[in-house]
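**Q** Structure file query-v4.tsv, TSV, N, CA and C atoms and all ligand atoms, is pasted below:
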```tsv
chain	number	residue	atom	x	y	z
A	1	MET	N	60.45	63.59	15.15
A	1	MET	CA	59.01	63.55	15.36
A	1	MET	C	58.64	62.74	16.58
A	2	GLY	N	57.60	63.13	17.27
A	2	GLY	CA	57.19	62.44	18.49
A	2	GLY	C	56.63	61.07	18.18
A	3	ALA	N	57.01	60.10	18.96
A	3	ALA	CA	56.56	58.74	18.71
A	3	ALA	C	55.04	58.62	18.88
A	4	ASN	N	54.52	59.37	19.81
A	4	ASN	CA	53.09	59.22	20.08
A	4	ASN	C	52.21	59.90	19.04
A	5	GLY	N	52.77	60.93	18.40
A	5	GLY	CA	51.97	61.67	17.45
A	5	GLY	C	51.44	60.84	16.31
A	6	ALA	N	52.18	59.79	15.96
A	6	ALA	CA	51.82	59.03	14.76
A	6	ALA	C	50.99	57.78	15.07
A	7	ILE	N	50.77	57.50	16.32
A	7	ILE	CA	50.08	56.26	16.65
A	7	ILE	C	48.57	56.41	16.41
A	8	LEU	N	48.04	55.49	15.66
A	8	LEU	CA	46.62	55.51	15.35
A	8	LEU	C	45.92	54.51	16.26
A	9	ASP	N	44.71	54.87	16.68
A	9	ASP	CA	43.98	53.89	17.49
A	9	ASP	C	43.17	52.96	16.60
A	10	GLN	N	42.62	51.97	17.22
A	10	GLN	CA	41.92	50.90	16.49
A	10	GLN	C	40.76	51.44	15.63
A	11	SER	N	40.03	52.41	16.15
A	11	SER	CA	38.88	52.90	15.39
A	11	SER	C	39.33	53.72	14.18
A	12	GLN	N	40.45	54.45	14.31
A	12	GLN	CA	40.99	55.16	13.15
A	12	GLN	C	41.46	54.17	12.08
A	13	LEU	N	42.16	53.12	12.53
A	13	LEU	CA	42.64	52.12	11.59
A	13	LEU	C	41.46	51.42	10.90
A	14	THR	N	40.43	51.12	11.65
A	14	THR	CA	39.25	50.47	11.07
A	14	THR	C	38.60	51.37	10.03
A	15	HIS	N	38.55	52.65	10.33
A	15	HIS	CA	37.99	53.61	9.37
A	15	HIS	C	38.82	53.62	8.08
A	16	ILE	N	40.14	53.69	8.22
A	16	ILE	CA	41.01	53.72	7.04
A	16	ILE	C	40.87	52.43	6.25
A	17	PHE	N	40.77	51.31	6.97
A	17	PHE	CA	40.58	50.02	6.31
A	17	PHE	C	39.32	50.05	5.44
A	18	ARG	N	38.25	50.59	5.97
A	18	ARG	CA	36.99	50.64	5.22
A	18	ARG	C	37.11	51.54	3.98
A	19	VAL	N	37.87	52.62	4.12
A	19	VAL	CA	38.07	53.50	2.97
A	19	VAL	C	38.81	52.74	1.85
A	20	PHE	N	39.83	51.98	2.25
A	20	PHE	CA	40.59	51.22	1.26
A	20	PHE	C	39.76	50.07	0.67
A	21	ASP	N	38.94	49.44	1.51
A	21	ASP	CA	38.20	48.24	1.10
A	21	ASP	C	36.96	48.65	0.30
A	22	GLN	N	37.21	48.95	-0.97
A	22	GLN	CA	36.15	49.53	-1.79
A	22	GLN	C	34.97	48.60	-2.01
A	23	ASN	N	35.23	47.30	-2.17
A	23	ASN	CA	34.10	46.38	-2.40
A	23	ASN	C	33.58	45.79	-1.09
A	24	ASP	N	34.12	46.25	0.03
A	24	ASP	CA	33.59	45.90	1.35
A	24	ASP	C	33.58	44.39	1.61
A	25	ASP	N	34.63	43.70	1.16
A	25	ASP	CA	34.67	42.26	1.41
A	25	ASP	C	35.59	41.90	2.59
A	26	GLY	N	36.05	42.90	3.29
A	26	GLY	CA	36.87	42.63	4.47
A	26	GLY	C	38.32	42.31	4.17
A	27	GLN	N	38.72	42.51	2.90
A	27	GLN	CA	40.10	42.25	2.49
A	27	GLN	C	40.55	43.38	1.58
A	28	ILE	N	41.84	43.63	1.59
A	28	ILE	CA	42.37	44.64	0.68
A	28	ILE	C	43.10	43.93	-0.45
A	29	SER	N	42.59	44.12	-1.66
A	29	SER	CA	43.26	43.56	-2.84
A	29	SER	C	44.38	44.49	-3.26
A	30	LEU	N	45.22	44.00	-4.17
A	30	LEU	CA	46.30	44.85	-4.69
A	30	LEU	C	45.73	46.12	-5.33
A	31	ALA	N	44.67	45.97	-6.12
A	31	ALA	CA	44.07	47.14	-6.78
A	31	ALA	C	43.55	48.14	-5.75
A	32	GLU	N	42.91	47.64	-4.70
A	32	GLU	CA	42.39	48.54	-3.65
A	32	GLU	C	43.53	49.24	-2.92
A	33	PHE	N	44.61	48.49	-2.70
A	33	PHE	CA	45.79	49.03	-2.02
A	33	PHE	C	46.39	50.17	-2.84
A	34	GLN	N	46.55	49.92	-4.15
A	34	GLN	CA	47.15	50.93	-5.03
A	34	GLN	C	46.25	52.17	-5.12
A	35	THR	N	44.94	51.94	-5.29
A	35	THR	CA	44.01	53.06	-5.39
A	35	THR	C	43.98	53.87	-4.10
A	36	GLY	N	43.91	53.16	-2.97
A	36	GLY	CA	43.84	53.84	-1.68
A	36	GLY	C	45.05	54.72	-1.42
A	37	LEU	N	46.23	54.18	-1.70
A	37	LEU	CA	47.45	54.95	-1.44
A	37	LEU	C	47.61	56.10	-2.44
A	38	THR	N	47.25	55.85	-3.68
A	38	THR	CA	47.36	56.91	-4.69
A	38	THR	C	46.39	58.04	-4.36
A	39	ASP	N	45.15	57.66	-4.00
A	39	ASP	CA	44.17	58.68	-3.59
A	39	ASP	C	44.64	59.42	-2.35
A	40	GLY	N	45.39	58.72	-1.48
A	40	GLY	CA	45.90	59.32	-0.27
A	40	GLY	C	47.09	60.23	-0.51
A	41	GLY	N	47.58	60.27	-1.75
A	41	GLY	CA	48.62	61.23	-2.10
A	41	GLY	C	50.02	60.66	-2.22
A	42	ILE	N	50.18	59.33	-2.06
A	42	ILE	CA	51.52	58.77	-2.22
A	42	ILE	C	51.88	58.81	-3.70
A	43	ASN	N	53.10	59.22	-3.98
A	43	ASN	CA	53.47	59.47	-5.37
A	43	ASN	C	54.59	58.54	-5.81
A	44	VAL	N	54.26	57.26	-5.95
A	44	VAL	CA	55.24	56.29	-6.46
A	44	VAL	C	54.59	55.42	-7.52
A	45	ASP	N	55.41	54.76	-8.32
A	45	ASP	CA	54.84	54.00	-9.43
A	45	ASP	C	54.20	52.69	-8.95
A	46	ALA	N	53.40	52.11	-9.84
A	46	ALA	CA	52.61	50.92	-9.51
A	46	ALA	C	53.50	49.75	-9.08
A	47	GLU	N	54.68	49.68	-9.68
A	47	GLU	CA	55.60	48.59	-9.37
A	47	GLU	C	56.04	48.63	-7.89
A	48	LYS	N	56.32	49.83	-7.40
A	48	LYS	CA	56.75	49.95	-6.00
A	48	LYS	C	55.58	49.72	-5.05
A	49	LEU	N	54.39	50.13	-5.47
A	49	LEU	CA	53.22	49.86	-4.64
A	49	LEU	C	52.98	48.35	-4.54
A	50	GLN	N	53.22	47.66	-5.65
A	50	GLN	CA	53.06	46.20	-5.65
A	50	GLN	C	54.08	45.55	-4.72
A	51	LEU	N	55.28	46.09	-4.73
A	51	LEU	CA	56.33	45.59	-3.83
A	51	LEU	C	55.92	45.79	-2.37
A	52	LEU	N	55.41	46.96	-2.06
A	52	LEU	CA	54.94	47.23	-0.70
A	52	LEU	C	53.82	46.26	-0.31
A	53	PHE	N	52.93	46.01	-1.26
A	53	PHE	CA	51.81	45.10	-1.01
A	53	PHE	C	52.31	43.70	-0.70
A	54	LYS	N	53.22	43.20	-1.52
A	54	LYS	CA	53.76	41.85	-1.32
A	54	LYS	C	54.48	41.73	0.02
A	55	LEU	N	55.24	42.76	0.36
A	55	LEU	CA	55.97	42.72	1.63
A	55	LEU	C	55.00	42.78	2.81
A	56	SER	N	53.87	43.46	2.64
A	56	SER	CA	52.89	43.59	3.72
A	56	SER	C	52.03	42.35	3.86
A	57	ASP	N	51.93	41.57	2.79
A	57	ASP	CA	51.11	40.36	2.77
A	57	ASP	C	51.91	39.23	3.41
A	58	THR	N	51.96	39.23	4.74
A	58	THR	CA	52.94	38.36	5.41
A	58	THR	C	52.62	36.87	5.26
A	59	ASP	N	51.36	36.50	5.03
A	59	ASP	CA	51.08	35.09	4.80
A	59	ASP	C	51.02	34.75	3.29
A	60	SER	N	51.36	35.74	2.46
A	60	SER	CA	51.47	35.54	1.00
A	60	SER	C	50.24	34.90	0.37
A	61	ASN	N	49.05	35.30	0.81
A	61	ASN	CA	47.84	34.74	0.19
A	61	ASN	C	47.21	35.71	-0.83
A	62	GLY	N	47.94	36.78	-1.15
A	62	GLY	CA	47.48	37.66	-2.23
A	62	GLY	C	46.51	38.75	-1.82
A	63	ILE	N	46.10	38.77	-0.57
A	63	ILE	CA	45.26	39.87	-0.08
A	63	ILE	C	45.77	40.31	1.29
A	64	LEU	N	45.43	41.53	1.67
A	64	LEU	CA	45.75	41.98	3.02
A	64	LEU	C	44.51	41.86	3.89
A	65	ASP	N	44.62	41.10	4.96
A	65	ASP	CA	43.53	41.09	5.93
A	65	ASP	C	43.71	42.27	6.87
A	66	LYS	N	42.78	42.39	7.81
A	66	LYS	CA	42.84	43.55	8.70
A	66	LYS	C	44.17	43.67	9.43
A	67	GLY	N	44.64	42.56	9.97
A	67	GLY	CA	45.88	42.59	10.75
A	67	GLY	C	47.06	43.03	9.91
A	68	GLU	N	47.15	42.49	8.70
A	68	GLU	CA	48.26	42.85	7.81
A	68	GLU	C	48.16	44.31	7.39
A	69	PHE	N	46.94	44.75	7.11
A	69	PHE	CA	46.77	46.13	6.69
A	69	PHE	C	47.07	47.11	7.84
A	70	PHE	N	46.59	46.79	9.03
A	70	PHE	CA	46.85	47.67	10.17
A	70	PHE	C	48.36	47.82	10.38
A	71	LYS	N	49.04	46.68	10.31
A	71	LYS	CA	50.50	46.70	10.49
A	71	LYS	C	51.14	47.58	9.41
A	72	PHE	N	50.73	47.37	8.17
A	72	PHE	CA	51.26	48.21	7.10
A	72	PHE	C	50.99	49.68	7.38
A	73	PHE	N	49.76	49.99	7.74
A	73	PHE	CA	49.41	51.41	7.84
A	73	PHE	C	50.11	52.09	9.00
A	74	MET	N	50.34	51.34	10.07
A	74	MET	CA	51.13	51.90	11.18
A	74	MET	C	52.54	52.23	10.70
A	75	ASN	N	53.14	51.30	9.93
A	75	ASN	CA	54.47	51.56	9.37
A	75	ASN	C	54.44	52.77	8.45
A	76	TYR	N	53.41	52.82	7.64
A	76	TYR	CA	53.26	53.92	6.70
A	76	TYR	C	53.21	55.26	7.43
A	77	THR	N	52.44	55.29	8.50
A	77	THR	CA	52.30	56.51	9.28
A	77	THR	C	53.63	56.92	9.90
A	78	LEU	N	54.36	55.92	10.41
A	78	LEU	CA	55.62	56.21	11.08
A	78	LEU	C	56.75	56.56	10.11
A	79	CYS	N	56.69	56.04	8.91
A	79	CYS	CA	57.84	56.11	8.01
A	79	CYS	C	57.61	56.97	6.77
A	80	GLN	N	56.48	57.59	6.65
A	80	GLN	CA	56.20	58.30	5.41
A	80	GLN	C	56.99	59.61	5.27
A	81	THR	N	57.69	60.00	6.32
A	81	THR	CA	58.50	61.21	6.21
A	81	THR	C	59.75	60.96	5.35
A	82	GLY	N	60.15	59.69	5.23
A	82	GLY	CA	61.29	59.38	4.38
A	82	GLY	C	60.84	59.15	2.95
A	83	ASP	N	61.69	58.53	2.16
A	83	ASP	CA	61.28	58.22	0.79
A	83	ASP	C	60.69	56.81	0.74
A	84	ILE	N	60.38	56.34	-0.46
A	84	ILE	CA	59.72	55.04	-0.61
A	84	ILE	C	60.56	53.91	-0.03
A	85	TRP	N	61.89	54.04	-0.10
A	85	TRP	CA	62.74	52.95	0.39
A	85	TRP	C	62.80	52.91	1.91
A	86	ASP	N	62.64	54.07	2.54
A	86	ASP	CA	62.48	54.05	4.00
A	86	ASP	C	61.21	53.31	4.38
A	87	LEU	N	60.17	53.57	3.60
A	87	LEU	CA	58.90	52.90	3.87
A	87	LEU	C	59.01	51.39	3.63
A	88	VAL	N	59.66	51.02	2.53
A	88	VAL	CA	59.87	49.59	2.24
A	88	VAL	C	60.66	48.94	3.38
A	89	ALA	N	61.70	49.60	3.83
A	89	ALA	CA	62.52	49.04	4.91
A	89	ALA	C	61.71	48.91	6.19
A	90	CYS	N	60.82	49.86	6.44
A	90	CYS	CA	59.93	49.77	7.62
A	90	CYS	C	59.02	48.55	7.53
A	91	VAL	N	58.49	48.31	6.34
A	91	VAL	CA	57.59	47.17	6.16
A	91	VAL	C	58.36	45.86	6.28
A	92	ILE	N	59.61	45.85	5.80
A	92	ILE	CA	60.44	44.65	5.91
A	92	ILE	C	60.77	44.34	7.37
A	93	ASP	N	60.94	45.38	8.16
A	93	ASP	CA	61.26	45.23	9.59
A	93	ASP	C	60.00	44.79	10.34
A	94	LEU	N	59.67	43.51	10.18
A	94	LEU	CA	58.39	42.99	10.69
A	94	LEU	C	58.22	43.17	12.19
A	95	ASN	N	59.29	42.97	12.94
A	95	ASN	CA	59.14	43.07	14.40
A	95	ASN	C	59.39	44.49	14.92
A	96	GLY	N	59.67	45.41	13.99
A	96	GLY	CA	59.72	46.83	14.36
A	96	GLY	C	60.84	47.22	15.31
A	97	ASP	N	61.96	46.48	15.30
A	97	ASP	CA	63.04	46.82	16.22
A	97	ASP	C	64.13	47.69	15.56
A	98	ASN	N	63.85	48.18	14.35
A	98	ASN	CA	64.79	49.03	13.61
A	98	ASN	C	66.02	48.31	13.10
A	99	LYS	N	66.02	46.99	13.22
A	99	LYS	CA	67.12	46.21	12.65
A	99	LYS	C	66.53	45.18	11.70
A	100	ILE	N	67.31	44.84	10.69
A	100	ILE	CA	66.84	43.83	9.74
A	100	ILE	C	67.53	42.51	10.09
A	101	GLN	N	66.75	41.60	10.69
A	101	GLN	CA	67.30	40.28	11.03
A	101	GLN	C	67.35	39.41	9.78
A	102	GLU	N	68.08	38.30	9.92
A	102	GLU	CA	68.28	37.43	8.78
A	102	GLU	C	66.96	36.95	8.18
A	103	LYS	N	66.01	36.62	9.04
A	103	LYS	CA	64.71	36.13	8.58
A	103	LYS	C	64.00	37.22	7.75
A	104	GLU	N	64.05	38.44	8.23
A	104	GLU	CA	63.42	39.55	7.51
A	104	GLU	C	64.14	39.81	6.19
A	105	TYR	N	65.46	39.71	6.26
A	105	TYR	CA	66.27	39.92	5.08
A	105	TYR	C	65.97	38.88	4.00
A	106	LYS	N	65.84	37.62	4.42
A	106	LYS	CA	65.59	36.55	3.45
A	106	LYS	C	64.23	36.72	2.79
A	107	ARG	N	63.26	37.11	3.58
A	107	ARG	CA	61.92	37.32	3.04
A	107	ARG	C	61.96	38.48	2.03
A	108	ALA	N	62.64	39.54	2.39
A	108	ALA	CA	62.75	40.69	1.50
A	108	ALA	C	63.45	40.28	0.20
A	109	ALA	N	64.53	39.51	0.33
A	109	ALA	CA	65.27	39.10	-0.86
A	109	ALA	C	64.40	38.26	-1.78
A	110	SER	N	63.55	37.41	-1.20
A	110	SER	CA	62.71	36.54	-2.03
A	110	SER	C	61.64	37.35	-2.77
A	111	ILE	N	61.25	38.47	-2.20
A	111	ILE	CA	60.20	39.28	-2.83
A	111	ILE	C	60.80	40.32	-3.77
A	112	ILE	N	61.87	40.95	-3.33
A	112	ILE	CA	62.46	42.03	-4.12
A	112	ILE	C	63.24	41.48	-5.32
A	113	GLY	N	63.77	40.30	-5.14
A	113	GLY	CA	64.61	39.75	-6.20
A	113	GLY	C	65.98	39.49	-5.61
A	114	ALA	N	66.34	38.24	-5.57
A	114	ALA	CA	67.53	37.85	-4.83
A	114	ALA	C	68.83	38.28	-5.50
A	115	GLU	N	68.79	38.49	-6.83
A	115	GLU	CA	70.07	38.77	-7.52
A	115	GLU	C	70.78	39.97	-6.91
A	116	GLY	N	70.02	41.05	-6.74
A	116	GLY	CA	70.60	42.25	-6.17
A	116	GLY	C	70.99	42.07	-4.72
A	117	LEU	N	70.05	41.54	-3.94
A	117	LEU	CA	70.28	41.48	-2.50
A	117	LEU	C	71.28	40.41	-2.08
A	118	SER	N	71.36	39.32	-2.85
A	118	SER	CA	72.23	38.24	-2.41
A	118	SER	C	73.71	38.60	-2.53
A	119	LYS	N	74.01	39.63	-3.30
A	119	LYS	CA	75.40	40.06	-3.43
A	119	LYS	C	75.89	40.75	-2.16
A	120	LEU	N	74.95	41.17	-1.33
A	120	LEU	CA	75.33	41.93	-0.16
A	120	LEU	C	75.82	41.03	0.96
A	121	GLN	N	76.70	41.57	1.72
A	121	GLN	CA	77.11	40.91	2.94
A	121	GLN	C	76.05	41.23	3.99
A	122	PHE	N	75.34	40.20	4.42
A	122	PHE	CA	74.31	40.50	5.40
A	122	PHE	C	74.88	40.50	6.81
A	123	ASN	N	74.72	41.59	7.51
A	123	ASN	CA	75.22	41.63	8.89
A	123	ASN	C	74.34	42.48	9.79
A	124	LYS	N	73.10	42.06	9.96
A	124	LYS	CA	72.17	42.74	10.87
A	124	LYS	C	72.20	44.25	10.68
A	125	MET	N	71.84	44.68	9.51
A	125	MET	CA	71.81	46.11	9.24
A	125	MET	C	70.70	46.80	10.01
A	126	THR	N	70.89	48.08	10.23
A	126	THR	CA	69.78	48.86	10.76
A	126	THR	C	68.81	49.11	9.61
A	127	ARG	N	67.62	49.51	9.97
A	127	ARG	CA	66.60	49.79	8.96
A	127	ARG	C	67.08	50.88	8.00
A	128	GLU	N	67.75	51.90	8.55
A	128	GLU	CA	68.23	52.99	7.71
A	128	GLU	C	69.31	52.51	6.73
A	129	GLN	N	70.20	51.67	7.23
A	129	GLN	CA	71.24	51.12	6.34
A	129	GLN	C	70.62	50.27	5.24
A	130	PHE	N	69.59	49.53	5.63
A	130	PHE	CA	68.93	48.68	4.65
A	130	PHE	C	68.23	49.52	3.58
A	131	ALA	N	67.59	50.60	4.01
A	131	ALA	CA	66.93	51.50	3.05
A	131	ALA	C	67.96	52.06	2.07
A	132	ALA	N	69.14	52.39	2.58
A	132	ALA	CA	70.20	52.92	1.74
A	132	ALA	C	70.64	51.88	0.71
A	133	VAL	N	70.71	50.62	1.14
A	133	VAL	CA	71.07	49.54	0.23
A	133	VAL	C	70.00	49.38	-0.85
A	134	LEU	N	68.75	49.42	-0.44
A	134	LEU	CA	67.65	49.27	-1.40
A	134	LEU	C	67.72	50.35	-2.48
A	135	ARG	N	68.06	51.55	-2.08
A	135	ARG	CA	68.16	52.67	-3.04
A	135	ARG	C	69.20	52.39	-4.12
A	136	THR	N	70.29	51.72	-3.74
A	136	THR	CA	71.35	51.47	-4.71
A	136	THR	C	70.96	50.40	-5.72
A	137	LEU	N	69.96	49.58	-5.38
A	137	LEU	CA	69.57	48.49	-6.27
A	137	LEU	C	68.73	48.97	-7.43
A	138	LYS	N	68.08	50.11	-7.27
A	138	LYS	CA	67.12	50.53	-8.30
A	138	LYS	C	67.70	51.59	-9.19
A	201	CA	CA	38.28	44.46	-0.74
A	202	CA	CA	47.52	38.08	3.52
```
What does the file become when written as C-alpha cells?
**A**
Amino acid sequence: MGANGAILDQSQLTHIFRVFDQNDDGQISLAEFQTGLTDGGINVDAEKLQLLFKLSDTDSNGILDKGEFFKFFMNYTLCQTGDIWDLVACVIDLNGDNKIQEKEYKRAASIIGAEGLSKLQFNKMTREQFAAVLRTLK
C-alpha cells in the first residue's frame, strides 16, 4: 500500500477526534475509545481494545488527549490491514521506526503482562516479529 494514501491531515484527525469524543470534553475516555472503534467496524473484544487504549495512553493518565489520539489513529490507519496484533505492535512502536527498542518493549511488557513477555529474549525485534510474538502469547 502507498505510504501517502493513508496519511490523514490535521482537519481529518480533528474531525475523527470529535466523533470519538462523545461528551465533548476534549479527551477520549476508554468507553469513548471502545465505542468509537466498534462503531467504526473494528471487530475485537473489549479486552484487546482496552490494551490498545493503555498502550496509546503514553502518559498513563487514563485518558487520551488529542496528541495521543492522533498518534493512535495514524497507527490505526497505517496498520489496520493486518490483524489486531499488528495494530498493537504499531502502537507499541512509539517512534514509528518499525523496530521495537528496549524502552518500547519494557513499556509493552508492563502493560501487556510481564510473565509472557519476560520469557522472551529481547533483541531489537522488528515490528512484524514482535506482532508474531504477541500472537503466540494469547
Ligand atoms: Ca470525552
Ligand atoms: Ca493520556
**Q** Using only N, CA and C atoms, can you list as a PyMOL selection string the residues within 6 Å of (49.3, 41.9, 5.4)?
**A** chain A and resi 56-59+63-65+67-69
**Q** Report the distance between atom CA of Phe130 of chain A and atom CA of Asp86 of chain A in Å, rounded to one decimal place.
**A**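 Between atom CA of Phe130 of chain A and atom CA of Asp86 of chain A the gap works out to 8.4 Å.
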**Q** Hey, which of A:Val91, A:Met74, A:Ala31, A:Ala131 ends up closest to Ala46 of chain A? Count only C-alpha atoms.
**A**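 Comparing A:Val91, A:Met74, A:Ala31, A:Ala131 against Ala46 of chain A, the winner is A:Ala31.
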**Q** When you look at Glu128 of chain A with a cut-off of 8 Å (counting all atoms listed in the file), what residues show up, excluding the ones that are within fewer than 5 positions of it in the same chain? I need them as an MDAnalysis selection string.
**A** chainID A and resid 85:86 89:90 98:100 133:134
**Q** Could you list, as a ChimeraX atom specification, all residues that come within 6 Å of ligand CA 201 (chain A)? Count all atoms listed in the file.
**A** /A:20-29
**Q** For Ile7 of chain A, which of A:Gln34, A:Thr77, A:Asn43, A:Thr126 is the closest residue, counting only N, CA and C atoms?
**A**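 Smallest separation from Ile7 of chain A among the options: A:Thr77.
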**Q** How many Å lie between atom CA of ligand CA 202 (chain A) and atom C of Ser60 of chain A, rounded to one decimal?
**A**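 Spanning atom CA of ligand CA 202 (chain A) to atom C of Ser60 of chain A is a straight-line distance of 5.2 Å.
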**Q** Kindly give the distance, in Å, that separates atom C of Thr35 of chain A and atom CA of Ala132 of chain A, rounded to a single decimal.
**A**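 These atoms are spaced 26.9 Å apart.
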**Q** Where does DSSP see helix (DSSP H, G or I) in chain A, if you list the residues as a PyMOL selection string?
**A** chain A and resi 4-6+10-20+30-39+46-56+66-79+84-92+102-112+114-118+127-137
**Q** Identify which of the residues A:Lys124, A:Lys71, A:Lys66, A:Lys48 lies closest to ligand CA 202 (chain A), counting all atoms listed in the file when measuring atom-to-atom distances.
**A**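 Ranked by minimum distance to ligand CA 202 (chain A), first place goes to A:Lys66.
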